[in-house]
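Presented below is the structure to which this report refers.
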Amino acid sequence: MNKRDYMNTSVQEPPLDYSFRSIHVIQDLVNEEPRTGLRPLKRSKSGKSLTQSLWLNNNVLNDLRDFNQVASQLLEHPENLAWIDLSFNDLTSIDPVLTTFFNLSVLYLHGNSIQHLGEVNKLALLPRLRSLTLHGNPMEEEKGYR
């Protein structure tokens with residue numbers, strides 16, 4: 001990616017917001033309209049979003065099957081994803097697909113059904129991860145959570 005493309009893909013852009021849409025499977029995002037905010041989404045010539053933020057919170061997702069493929073359909077530069085909000089879904093584990101987004105710096109997973117604290121170890125592969133939320137998951141009852 002050239003510098004101009006990177007500059008056009010910004011975390012400052014409004015997020016691609018699919019929160020509160022009762023989404024059960026990731027593939028449903030392709031046919032769903034994102035929520036609109038105060039600022040319009042910027043899109044590439046191909047119609048894909050130029051944001052680095054994807055909000056999927058407050059849905060009913062229980063896995064992230066086909067996440068990479070769908071992200072590629074929705075985002076011009078999915079490799080630049082910096083913020084993913086998956087809070088308040090029904091996820092029971094941390095899907096390894098999240099570790100393929102090396103620019104990820106914010107990951108919200110609170111309010112899910114993640115059972116085992118060991119799941120967090122998978123995220124060690126994310127060098128830029130700075131903000132991770134896990135509260136409200138059953139794992140917080142495990143010794144060593146804090």
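Following the order of the structure tokens, first chain is A, next is B, and so on, with residues numbered from 1 inside each chain and ligands from 1 in the order they appear.
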
Which residues, written as an MDAnalysis selection string, have at least one atom at most 12 Å from Pro138 in chain A, with only C-alpha atoms counted and residues fewer than 4 positions away on the same chain left out? chainID A and resid 90:93 109:117 119 134 142:143 145

N, CA and C atoms of the current selection, written as a short mmCIF file (atom, residue, chain, number, x, y, z; two decimals), in the first residue's frame:
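So the final result, stored in part04.cif, reads:
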data_model
loop_
_atom_site.label_atom_id
_atom_site.label_comp_id
_atom_site.auth_asym_id
_atom_site.auth_seq_id
_atom_site.Cartn_x
_atom_site.Cartn_y
_atom_site.Cartn_z
N ASP A 90 -22.04 -13.35 21.96
CA ASP A 90 -22.09 -14.67 22.61
C ASP A 90 -20.84 -15.48 22.32
N LEU A 91 -19.71 -14.81 22.17
CA LEU A 91 -18.45 -15.50 21.87
C LEU A 91 -17.99 -16.30 23.08
N THR A 92 -17.58 -17.55 22.86
CA THR A 92 -17.12 -18.41 23.95
C THR A 92 -15.61 -18.57 23.97
N SER A 93 -14.95 -18.08 22.93
CA SER A 93 -13.49 -18.16 22.85
C SER A 93 -12.98 -16.98 22.03
N LEU A 109 -13.83 -7.09 24.02
CA LEU A 109 -14.46 -8.41 24.11
C LEU A 109 -15.30 -8.55 25.38
N HIS A 110 -15.55 -7.46 26.08
CA HIS A 110 -16.31 -7.55 27.32
C HIS A 110 -17.76 -7.96 27.06
N GLY A 111 -18.36 -8.57 28.08
CA GLY A 111 -19.76 -8.95 27.98
C GLY A 111 -20.03 -10.10 27.03
N ASN A 112 -19.07 -11.01 26.89
CA ASN A 112 -19.28 -12.20 26.08
C ASN A 112 -19.38 -13.42 27.00
N SER A 113 -19.10 -14.59 26.49
CA SER A 113 -19.19 -15.83 27.27
C SER A 113 -17.86 -16.58 27.26
N ILE A 114 -16.76 -15.84 27.22
CA ILE A 114 -15.43 -16.46 27.16
C ILE A 114 -15.12 -17.08 28.52
N GLN A 115 -14.90 -18.41 28.52
CA GLN A 115 -14.78 -19.19 29.75
C GLN A 115 -13.38 -19.20 30.34
N HIS A 116 -12.36 -19.36 29.50
CA HIS A 116 -11.03 -19.67 29.99
C HIS A 116 -10.04 -18.52 29.81
N LEU A 117 -9.38 -18.20 30.90
CA LEU A 117 -8.39 -17.12 30.90
C LEU A 117 -7.27 -17.39 29.89
N GLU A 119 -7.40 -18.25 26.99
CA GLU A 119 -7.74 -17.75 25.66
C GLU A 119 -6.98 -16.46 25.33
N LEU A 134 -12.11 -7.32 28.82
CA LEU A 134 -12.58 -8.69 29.00
C LEU A 134 -13.59 -8.83 30.13
N GLU A 142 -11.94 -16.80 37.26
CA GLU A 142 -10.76 -17.63 37.40
C GLU A 142 -9.70 -16.91 38.23
N LYS A 143 -8.99 -17.69 39.02
CA LYS A 143 -7.88 -17.14 39.80
C LYS A 143 -6.83 -16.60 38.83
N TYR A 145 -7.19 -13.72 37.15
CA TYR A 145 -7.79 -12.85 36.13
C TYR A 145 -7.19 -11.44 36.20
#

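Secondary structure by DSSP on the backbone puts the following residues of range 36-109 of chain A in alpha helix (DSSP H): Phe67, Asn68, Gln69, Val70, Ala71, Ser72, Gln73 and Leu74 of chain A.
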
Would you mind exporting the chosen residues as a short mmCIF file (atom, residue, chain, number, x, y, z; two decimals), in the first residue's frame, restricted to C-alpha atoms?
data_model
loop_
_atom_site.label_atom_id
_atom_site.label_comp_id
_atom_site.auth_asym_id
_atom_site.auth_seq_id
_atom_site.Cartn_x
_atom_site.Cartn_y
_atom_site.Cartn_z
CA PHE A 67 -14.35 -12.89 9.38
CA ASN A 68 -11.35 -12.32 7.07
CA GLN A 69 -13.40 -12.76 3.90
CA VAL A 70 -16.17 -10.45 5.06
CA ALA A 71 -13.70 -7.82 6.29
CA SER A 72 -12.13 -7.89 2.81
CA GLN A 73 -15.54 -7.32 1.24
CA LEU A 74 -16.37 -4.37 3.51
#

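Across chain A, DSSP run on the backbone finds strand (DSSP E or B) at Ser10, Leu16, Asp17, Arg35, Arg43, Ser49, Thr51, Ser53, Leu54, Trp55, Leu75, Trp83, Ile84, Asp85, Val106, Leu107, Tyr108, Ser131, Leu132 and Thr133 of chain A.
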
Practice item. Name the closest residue to Arg43 in chain A among the candidates A:Gly144, A:Pro14, A:Val30, A:Asp95; distances are taken between atoms, counting only C-alpha atoms. Key: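 Looking at the shortest contact to Arg43 in chain A, the residue is A:Pro14.
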
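Residues with any atom within 12 Å of Phe88 in chain A, counting only C-alpha atoms and excluding same-chain neighbours fewer than 6 positions away, are Ser19, Phe20, Ser22, Ile23, Trp55, Leu56, Asn57, Asn58, Asn59, Val60, Leu61, Asn62, Tyr108, Leu109, His110, Gly111, Asn112, Ser113, Ile114, Thr133, Leu134, His135, Gly136 and Asn137 of chain A.
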
Residue with the minimum atom-to-atom distance to Lys45 in chain A, picked from A:Lys122, A:Leu107, A:Glu76, A:Asn89 with only C-alpha atoms counted, is A:Glu76

Practice item. Pick out the residues sitting within 10 Å of Val106 in chain A, and hand them over as a PyMOL selection string; count only C-alpha atoms, and ignore anything fewer than 3 positions along from it in its own chain. Key: chain A and resi 53+81-85+103+109+128-133

Those same residues, written as a PDB file, in the first residue's frame with N, CA, C and O atoms?
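Result file again-v4.pdb:
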ATOM      1  N   SER A  53     -11.874   1.075  11.830  1.00  0.00           N
ATOM      2  CA  SER A  53     -12.659   0.663  12.997  1.00  0.00           C
ATOM      3  C   SER A  53     -13.898  -0.102  12.565  1.00  0.00           C
ATOM      4  O   SER A  53     -14.665   0.364  11.729  1.00  0.00           O
ATOM      5  N   LEU A  81      -7.025  -2.652  10.022  1.00  0.00           N
ATOM      6  CA  LEU A  81      -7.969  -2.589  11.131  1.00  0.00           C
ATOM      7  C   LEU A  81      -7.208  -2.337  12.434  1.00  0.00           C
ATOM      8  O   LEU A  81      -6.302  -3.077  12.792  1.00  0.00           O
ATOM      9  N   ALA A  82      -7.607  -1.291  13.131  1.00  0.00           N
ATOM     10  CA  ALA A  82      -6.959  -0.930  14.388  1.00  0.00           C
ATOM     11  C   ALA A  82      -7.895  -1.095  15.580  1.00  0.00           C
ATOM     12  O   ALA A  82      -7.439  -1.196  16.715  1.00  0.00           O
ATOM     13  N   TRP A  83      -9.198  -1.117  15.337  1.00  0.00           N
ATOM     14  CA  TRP A  83     -10.168  -1.176  16.431  1.00  0.00           C
ATOM     15  C   TRP A  83     -11.300  -2.096  16.027  1.00  0.00           C
ATOM     16  O   TRP A  83     -11.970  -1.877  15.016  1.00  0.00           O
ATOM     17  N   ILE A  84     -11.494  -3.148  16.822  1.00  0.00           N
ATOM     18  CA  ILE A  84     -12.614  -4.067  16.629  1.00  0.00           C
ATOM     19  C   ILE A  84     -13.380  -4.154  17.945  1.00  0.00           C
ATOM     20  O   ILE A  84     -12.803  -4.453  18.989  1.00  0.00           O
ATOM     21  N   ASP A  85     -14.660  -3.871  17.877  1.00  0.00           N
ATOM     22  CA  ASP A  85     -15.520  -3.965  19.050  1.00  0.00           C
ATOM     23  C   ASP A  85     -16.452  -5.158  18.884  1.00  0.00           C
ATOM     24  O   ASP A  85     -17.352  -5.137  18.043  1.00  0.00           O
ATOM     25  N   ASN A 103      -2.250  -4.721  12.991  1.00  0.00           N
ATOM     26  CA  ASN A 103      -2.353  -3.309  13.371  1.00  0.00           C
ATOM     27  C   ASN A 103      -3.412  -3.066  14.439  1.00  0.00           C
ATOM     28  O   ASN A 103      -3.663  -1.926  14.817  1.00  0.00           O
ATOM     29  N   LEU A 109     -13.834  -7.090  24.022  1.00  0.00           N
ATOM     30  CA  LEU A 109     -14.458  -8.407  24.111  1.00  0.00           C
ATOM     31  C   LEU A 109     -15.299  -8.549  25.378  1.00  0.00           C
ATOM     32  O   LEU A 109     -15.723  -9.652  25.723  1.00  0.00           O
ATOM     33  N   ARG A 128       0.691  -4.385  18.491  1.00  0.00           N
ATOM     34  CA  ARG A 128       0.195  -3.026  18.725  1.00  0.00           C
ATOM     35  C   ARG A 128      -1.005  -2.959  19.674  1.00  0.00           C
ATOM     36  O   ARG A 128      -1.517  -1.881  19.932  1.00  0.00           O
ATOM     37  N   LEU A 129      -1.423  -4.110  20.179  1.00  0.00           N
ATOM     38  CA  LEU A 129      -2.596  -4.139  21.051  1.00  0.00           C
ATOM     39  C   LEU A 129      -2.314  -3.351  22.332  1.00  0.00           C
ATOM     40  O   LEU A 129      -1.387  -3.649  23.070  1.00  0.00           O
ATOM     41  N   ARG A 130      -3.103  -2.315  22.564  1.00  0.00           N
ATOM     42  CA  ARG A 130      -2.909  -1.433  23.729  1.00  0.00           C
ATOM     43  C   ARG A 130      -4.124  -1.411  24.645  1.00  0.00           C
ATOM     44  O   ARG A 130      -4.004  -1.107  25.823  1.00  0.00           O
ATOM     45  N   SER A 131      -5.301  -1.708  24.103  1.00  0.00           N
ATOM     46  CA  SER A 131      -6.515  -1.674  24.908  1.00  0.00           C
ATOM     47  C   SER A 131      -7.321  -2.940  24.650  1.00  0.00           C
ATOM     48  O   SER A 131      -7.727  -3.207  23.520  1.00  0.00           O
ATOM     49  N   LEU A 132      -7.520  -3.709  25.725  1.00  0.00           N
ATOM     50  CA  LEU A 132      -8.253  -4.960  25.651  1.00  0.00           C
ATOM     51  C   LEU A 132      -9.243  -4.983  26.810  1.00  0.00           C
ATOM     52  O   LEU A 132      -8.863  -4.764  27.956  1.00  0.00           O
ATOM     53  N   THR A 133     -10.517  -5.222  26.512  1.00  0.00           N
ATOM     54  CA  THR A 133     -11.509  -5.339  27.585  1.00  0.00           C
ATOM     55  C   THR A 133     -12.047  -6.759  27.619  1.00  0.00           C
ATOM     56  O   THR A 133     -12.370  -7.336  26.578  1.00  0.00           O
TER      57      THR A 133
END

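Near Arg35 in chain A, within a cut-off of 7 Å and counting only C-alpha atoms, sit the residues Asp17, Tyr18, Glu33 and Gly37 of chain A, with same-chain residues fewer than 2 positions away left out.
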
Would you kindly return, as a compact mmCIF listing (two decimals) with C-alpha atoms, in the first residue's frame, each protein, DNA or RNA residue with an atom no farther than 12 Å from any atom of Pro40 in chain A, considering only C-alpha atoms and excluding same-chain residues fewer than 5 positions away?
# COMPACT_ATOMS: atom_id res chain seq x y z
CA GLU A 13 -12.80 8.11 10.18
CA PRO A 14 -16.19 7.10 11.55
CA PRO A 15 -16.36 3.38 12.33
CA LEU A 16 -18.11 0.86 10.17
CA ASP A 17 -20.83 0.37 12.77
CA PRO A 34 -24.12 -0.05 8.80
CA ARG A 35 -25.49 2.45 11.26
CA SER A 49 -15.07 1.65 3.61
CA LEU A 50 -11.81 3.48 4.32
CA THR A 51 -12.09 3.23 8.10

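Distance check against Glu140 in chain A using only C-alpha atoms: of A:Leu104, A:Val120, A:Ile26, A:Leu125, the minimum falls on A:Val120.
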